[in-house]
Amino acid sequence: MRSGVLFTVELRRLLRLAGPIVVSQLGQVGMNTADTVMVGPLGATPLAAAGLGSAIHWLGTVICVGILVGMSPMVSQAFGSGDLDQCRRVLAQGMWLALVLAVPITIMSLAGNTIALALGQDPAVSMITGQYLAALAWGVLPFFLFMAARQYLEATGHVTSPMVITFIGLAINIVANRAFIYGVGDTVPAMGVAGSGWATTLVRWSMLVVVVLVILRDRRMRPHAGEPVRPDRAMIRRVLRVGLPIGGQFGLEMGLFSFAAFMMGWLGPLELAAHQVTINIASTTFMAGLGASMAGSIRVGHCIGAGRPRRMRRAALATWVLVIVFMGLCALAFIAFPASLIRLYTRDPDIVRIGASLLLVAAAFQVFDGGQVAGVSVLRAAGDTRVPAIIAAVGYWGIGVPVAYILAFRAGIGPVGIWIGLTAGLAAAALLLGLRTRRVLWQSPLDSLRTG
């Protein structure tokens with residue numbers, strides 16, 4: 001009886017922490033949704049170009065963001081132990097790291113047209129993709145700096161500020177998208193898909209300005225409370241030691257979805273457009289599961305820092321339960337209303353037909369995706385990032401990609417075959433990560449879980 005009460009208490013704590021993070025994640029994906037919805041009326045080719053551009057841009061971006069996420073367990077454990085100075089030191093070095101990571105991604109984004117053509121995409125789609133990515137390039141640096149600041153704020157329990165900032169960004173994004181994509185009289189020219197990229201860049205700079213003001217306003221949150229901040233190679237190496245495997249895991253997962261987009265492009269623009277809409281819907285619901293998992297990671301990190309192993313395990317279990325239940329409810333919605341959900345983005349009957357069939361597979365995809373993100377998040381809180389990265393490689397690329405390719409192109413199933421492959425890869429990863437969680441959090445001594 002007592003254990004059940006304690007679990008319920010932990011679940012409530014997790015929900016209180018998860019709420020603002022989930023809303024923040026939904027606000028972030030709301031920007032991507034707004035981009036897709038507002039580009040949709042331009043037609044299948046522009047929609048396909050936007051999807052391809054997002055796949056290319058986010059492949060490199062999420063790797064770097066994953067490296068910055070290495071800050072989170074270090075900050076959360078330090079916060080749990082009461083070492084606020086250490087929290088601020090991690091923030092400062094994370095900012096330096098963000099500056100360095102922005103350089104290669106900016107260069108890659110400026111070469112979008114060349115990359116799209118090298119991947120065998122349609123020339124018309126590739127040209128628009130290049131224009132879109134060139135606009136996104138100038139928002140890479142502010143986005144990375146914002147993400148570093150967000151790791152610090154959320155890991156120290158300041159979850160409301162990132163939520164509010166994200167929704168400010170969402171409001172700016174909607175207005176800017178309308179102005180830049182379609183133009184405003186003689187004042188702002190219509191830029192099409194590229195306009196969506198410029199809107200995103202404007203949003204990222206705006207969010208960075210606001211988060212810096214939030215941190216500087218409170219002396220307790222400033223790096224070293226106003227002291228000069230210089231690069232600390234030892235601290236940066238520690239962030240990299242935790243963050244590089246996370247970035248690798250993020251890259252493997254994003255690479256899986258990007259390669260799926262490339263395979264859809266080989267099938268045709270309609271298939272790619274339907275995939276873009278479907279993945280956007282799945283990403284929207286996934287963000288709630290991801291937000292709950294991030295909250296679970298913070299709770300587990302706090303418990304490790306405070307030296308509370310039993311509470312740590314309850315927090316990990318509550319994370320799994322919360323995420324799986326929510327993703328299961330989303331799966332039921334996908335099964336019940338597939339065509340209606342696709343029509344929120346486009347009225348093209350061919351895209352609706354293909355997308356509805358993909359959403360039926362995405363129902364199972366949702367549950368397994370929730371399981372794997374819950375597992376990798378609670379393990380991350382304990383600094384266990386290398387083995388989960390290996391598990392991701394096996395699940396995503398050892399199982400997911402081969403199954404997708406065989407079913408789509410050898411068995412002739414087409415787009416649905418690609419999504420079945422994605423689901424198989426995530427299912428394998430979720431199972432292996434569940435076993436890894438039990439071994440690390442239930443069978444290892446607490447001192448071995450500290451990031452140092």
# chains A, B, ... in the order shown; residues from 1 in each chain; ligands from 1
$ select_by_dssp --residues "segment 188-282 of chain A" --states "alpha helix (DSSP H)" --output "number ranges by chain"
A: 193-217, 233-267, 269-282
$ closest_atom_pairs --of "segment 77-135 of chain A" --to "segment 194-208 of chain A" --cutoff "10 Å" --atoms "only C-alpha atoms" --output "CSV"
residue,atom,partner,partner_atom,distance
A:Ile128,CA,A:Ala194,CA,7.4
A:Thr129,CA,A:Ala194,CA,8.2
A:Gly130,CA,A:Ala194,CA,8.6
A:Gln131,CA,A:Ala194,CA,5.4
A:Tyr132,CA,A:Ala194,CA,4.1
A:Leu133,CA,A:Gly197,CA,6.8
A:Ala134,CA,A:Gly197,CA,7.9
A:Ala135,CA,A:Gly197,CA,4.9
$ residues_around --residues "Thr423 of chain A" --least-positions-apart "3" --cutoff "10 Å" --atoms "only C-alpha atoms" --output "PDB file with N, CA and C atoms, in the first residue's frame"
ATOM      1  N   VAL A 361      -0.371   2.770 -39.701  1.00  0.00           N
ATOM      2  CA  VAL A 361       0.875   2.153 -39.239  1.00  0.00           C
ATOM      3  C   VAL A 361       1.492   2.999 -38.120  1.00  0.00           C
ATOM      4  N   ALA A 362       1.336   4.328 -38.243  1.00  0.00           N
ATOM      5  CA  ALA A 362       1.898   5.235 -37.244  1.00  0.00           C
ATOM      6  C   ALA A 362       1.292   5.021 -35.858  1.00  0.00           C
ATOM      7  N   ALA A 363       0.144   4.375 -35.778  1.00  0.00           N
ATOM      8  CA  ALA A 363      -0.460   4.094 -34.479  1.00  0.00           C
ATOM      9  C   ALA A 363       0.456   3.201 -33.641  1.00  0.00           C
ATOM     10  N   ALA A 364       0.934   2.114 -34.237  1.00  0.00           N
ATOM     11  CA  ALA A 364       1.882   1.241 -33.531  1.00  0.00           C
ATOM     12  C   ALA A 364       3.222   1.946 -33.336  1.00  0.00           C
ATOM     13  N   PHE A 365       3.616   2.693 -34.347  1.00  0.00           N
ATOM     14  CA  PHE A 365       4.846   3.474 -34.313  1.00  0.00           C
ATOM     15  C   PHE A 365       4.887   4.361 -33.068  1.00  0.00           C
ATOM     16  N   GLN A 366       3.746   5.008 -32.730  1.00  0.00           N
ATOM     17  CA  GLN A 366       3.668   5.927 -31.600  1.00  0.00           C
ATOM     18  C   GLN A 366       4.039   5.253 -30.281  1.00  0.00           C
ATOM     19  N   VAL A 367       3.471   4.089 -30.041  1.00  0.00           N
ATOM     20  CA  VAL A 367       3.682   3.405 -28.768  1.00  0.00           C
ATOM     21  C   VAL A 367       5.148   3.023 -28.594  1.00  0.00           C
ATOM     22  N   PHE A 368       5.749   2.456 -29.633  1.00  0.00           N
ATOM     23  CA  PHE A 368       7.148   2.054 -29.542  1.00  0.00           C
ATOM     24  C   PHE A 368       8.078   3.264 -29.463  1.00  0.00           C
ATOM     25  N   ASP A 369       7.716   4.336 -30.150  1.00  0.00           N
ATOM     26  CA  ASP A 369       8.515   5.551 -30.075  1.00  0.00           C
ATOM     27  C   ASP A 369       8.499   6.109 -28.656  1.00  0.00           C
ATOM     28  N   GLY A 395      18.826  -0.810 -33.562  1.00  0.00           N
ATOM     29  CA  GLY A 395      17.386  -0.762 -33.829  1.00  0.00           C
ATOM     30  C   GLY A 395      17.047   0.022 -35.076  1.00  0.00           C
ATOM     31  N   TYR A 396      17.590   1.245 -35.188  1.00  0.00           N
ATOM     32  CA  TYR A 396      17.223   2.122 -36.293  1.00  0.00           C
ATOM     33  C   TYR A 396      17.792   1.644 -37.618  1.00  0.00           C
ATOM     34  N   ILE A 399      17.907  -2.738 -38.130  1.00  0.00           N
ATOM     35  CA  ILE A 399      16.590  -3.345 -38.352  1.00  0.00           C
ATOM     36  C   ILE A 399      15.679  -2.417 -39.153  1.00  0.00           C
ATOM     37  N   GLY A 400      15.518  -1.159 -38.714  1.00  0.00           N
ATOM     38  CA  GLY A 400      14.557  -0.254 -39.330  1.00  0.00           C
ATOM     39  C   GLY A 400      14.777   0.009 -40.809  1.00  0.00           C
ATOM     40  N   VAL A 403      14.510  -3.228 -43.196  1.00  0.00           N
ATOM     41  CA  VAL A 403      13.119  -3.677 -43.315  1.00  0.00           C
ATOM     42  C   VAL A 403      12.324  -2.705 -44.182  1.00  0.00           C
ATOM     43  N   ALA A 404      12.535  -1.397 -43.965  1.00  0.00           N
ATOM     44  CA  ALA A 404      11.814  -0.391 -44.750  1.00  0.00           C
ATOM     45  C   ALA A 404      12.135  -0.515 -46.237  1.00  0.00           C
ATOM     46  N   GLY A 417       5.268   0.281 -46.523  1.00  0.00           N
ATOM     47  CA  GLY A 417       6.408  -0.560 -46.185  1.00  0.00           C
ATOM     48  C   GLY A 417       7.496   0.212 -45.479  1.00  0.00           C
ATOM     49  N   ILE A 418       7.710   1.461 -45.894  1.00  0.00           N
ATOM     50  CA  ILE A 418       8.719   2.289 -45.235  1.00  0.00           C
ATOM     51  C   ILE A 418       8.332   2.541 -43.784  1.00  0.00           C
ATOM     52  N   TRP A 419       7.061   2.821 -43.541  1.00  0.00           N
ATOM     53  CA  TRP A 419       6.617   3.078 -42.171  1.00  0.00           C
ATOM     54  C   TRP A 419       6.622   1.823 -41.310  1.00  0.00           C
ATOM     55  N   ILE A 420       6.365   0.674 -41.906  1.00  0.00           N
ATOM     56  CA  ILE A 420       6.475  -0.580 -41.140  1.00  0.00           C
ATOM     57  C   ILE A 420       7.921  -0.784 -40.702  1.00  0.00           C
ATOM     58  N   LEU A 426      12.005   1.017 -34.165  1.00  0.00           N
ATOM     59  CA  LEU A 426      11.696   1.614 -32.874  1.00  0.00           C
ATOM     60  C   LEU A 426      11.280   0.558 -31.851  1.00  0.00           C
ATOM     61  N   ALA A 427      10.577  -0.477 -32.292  1.00  0.00           N
ATOM     62  CA  ALA A 427      10.157  -1.546 -31.381  1.00  0.00           C
ATOM     63  C   ALA A 427      11.371  -2.261 -30.798  1.00  0.00           C
ATOM     64  N   ALA A 428      12.345  -2.551 -31.646  1.00  0.00           N
ATOM     65  CA  ALA A 428      13.564  -3.214 -31.174  1.00  0.00           C
ATOM     66  C   ALA A 428      14.316  -2.334 -30.183  1.00  0.00           C
ATOM     67  N   ALA A 429      14.420  -1.035 -30.495  1.00  0.00           N
ATOM     68  CA  ALA A 429      15.119  -0.113 -29.606  1.00  0.00           C
ATOM     69  C   ALA A 429      14.409   0.005 -28.264  1.00  0.00           C
TER      70      ALA A 429
END
$ atom_distance --atom1 "atom CA of Leu358 of chain A" --atom2 "atom CA of Ile63 of chain A"
26.7 Å
$ residues_around --residues "Ala98 of chain A" --least-positions-apart "6" --cutoff "7 Å" --atoms "only C-alpha atoms" --output "MDAnalysis selection string"
chainID A and resid 144:145 148
$ closest_atom_pairs --of "segment 320-390 of chain A" --to "segment 243-246 of chain A" --cutoff "9 Å" --atoms "only C-alpha atoms" --output "Markdown table"
| residue | atom | partner | partner_atom | distance |
| --- | --- | --- | --- | --- |
| A:Arg380 | CA | A:Ile246 | CA | 8.0 |
| A:Thr385 | CA | A:Pro245 | CA | 5.5 |
| A:Arg386 | CA | A:Pro245 | CA | 5.2 |
| A:Val387 | CA | A:Pro245 | CA | 8.4 |
| A:Pro388 | CA | A:Pro245 | CA | 8.1 |
| A:Ala389 | CA | A:Pro245 | CA | 5.8 |
| A:Ile390 | CA | A:Pro245 | CA | 8.7 |
$ atom_distance --atom1 "atom CA of Gln28 of chain A" --atom2 "atom CA of Ala55 of chain A"
16.1 Å
$ closest_residue --among "A:Ala382, A:Leu136, A:Ala392, A:Met163" --to "Gly248 of chain A" --atoms "only C-alpha atoms"
A:Ala392
$ closest_residue --among "A:Leu422, A:Leu446, A:Val242, A:Val394" --to "Ile304 of chain A" --atoms "only C-alpha atoms"
A:Leu446
$ residues_around --residues "Phe286 of chain A" --least-positions-apart "3" --cutoff "8 Å" --atoms "only C-alpha atoms" --output "number ranges by chain"
A: 282-283, 289-290, 327, 366, 369-370
$ closest_residue --among "A:Ala274, A:Val37, A:Met127, A:Ala316" --to "Pro415 of chain A" --atoms "only C-alpha atoms"
A:Ala274
$ closest_residue --among "A:Ile168, A:Val65, A:Leu52, A:Ala176" --to "Val140 of chain A" --atoms "only C-alpha atoms"
A:Val65
$ residues_around --residues "segment 231-241 of chain A" --least-positions-apart "4" --cutoff "8 Å" --atoms "only C-alpha atoms" --output "PDB file with N, CA and C atoms, in the first residue's frame"
ATOM      1  N   ILE A  67      24.272  16.947 -28.408  1.00  0.00           N
ATOM      2  CA  ILE A  67      25.508  17.209 -27.669  1.00  0.00           C
ATOM      3  C   ILE A  67      25.245  18.211 -26.550  1.00  0.00           C
ATOM      4  N   LEU A  68      24.464  19.242 -26.845  1.00  0.00           N
ATOM      5  CA  LEU A  68      24.134  20.241 -25.822  1.00  0.00           C
ATOM      6  C   LEU A  68      23.250  19.657 -24.724  1.00  0.00           C
ATOM      7  N   GLY A  70      23.773  17.064 -23.350  1.00  0.00           N
ATOM      8  CA  GLY A  70      24.717  16.526 -22.370  1.00  0.00           C
ATOM      9  C   GLY A  70      24.866  17.417 -21.156  1.00  0.00           C
ATOM     10  N   MET A  71      24.484  18.691 -21.294  1.00  0.00           N
ATOM     11  CA  MET A  71      24.479  19.593 -20.147  1.00  0.00           C
ATOM     12  C   MET A  71      23.446  19.183 -19.108  1.00  0.00           C
ATOM     13  N   MET A  74      24.234  16.818 -16.105  1.00  0.00           N
ATOM     14  CA  MET A  74      25.237  17.465 -15.260  1.00  0.00           C
ATOM     15  C   MET A  74      24.597  18.557 -14.407  1.00  0.00           C
ATOM     16  N   VAL A  90      28.308  24.976 -15.885  1.00  0.00           N
ATOM     17  CA  VAL A  90      27.911  24.150 -17.028  1.00  0.00           C
ATOM     18  C   VAL A  90      27.213  24.992 -18.082  1.00  0.00           C
ATOM     19  N   GLN A  93      29.837  27.052 -20.152  1.00  0.00           N
ATOM     20  CA  GLN A  93      30.602  26.247 -21.112  1.00  0.00           C
ATOM     21  C   GLN A  93      29.713  25.683 -22.211  1.00  0.00           C
ATOM     22  N   GLY A  94      28.449  25.459 -21.895  1.00  0.00           N
ATOM     23  CA  GLY A  94      27.508  25.034 -22.931  1.00  0.00           C
ATOM     24  C   GLY A  94      27.316  26.102 -23.990  1.00  0.00           C
ATOM     25  N   TRP A  96      29.617  28.334 -24.910  1.00  0.00           N
ATOM     26  CA  TRP A  96      30.808  28.294 -25.772  1.00  0.00           C
ATOM     27  C   TRP A  96      30.720  27.134 -26.769  1.00  0.00           C
ATOM     28  N   LEU A  97      30.273  26.005 -26.289  1.00  0.00           N
ATOM     29  CA  LEU A  97      30.154  24.834 -27.160  1.00  0.00           C
ATOM     30  C   LEU A  97      29.136  25.087 -28.266  1.00  0.00           C
ATOM     31  N   PRO A 245      27.592  10.906 -27.250  1.00  0.00           N
ATOM     32  CA  PRO A 245      26.718   9.755 -27.529  1.00  0.00           C
ATOM     33  C   PRO A 245      25.248  10.144 -27.686  1.00  0.00           C
TER      34      PRO A 245
END
$ closest_residue --among "A:Asn32, A:Thr106, A:Thr319, A:Gln86" --to "Arg13 of chain A" --atoms "only C-alpha atoms"
A:Thr319
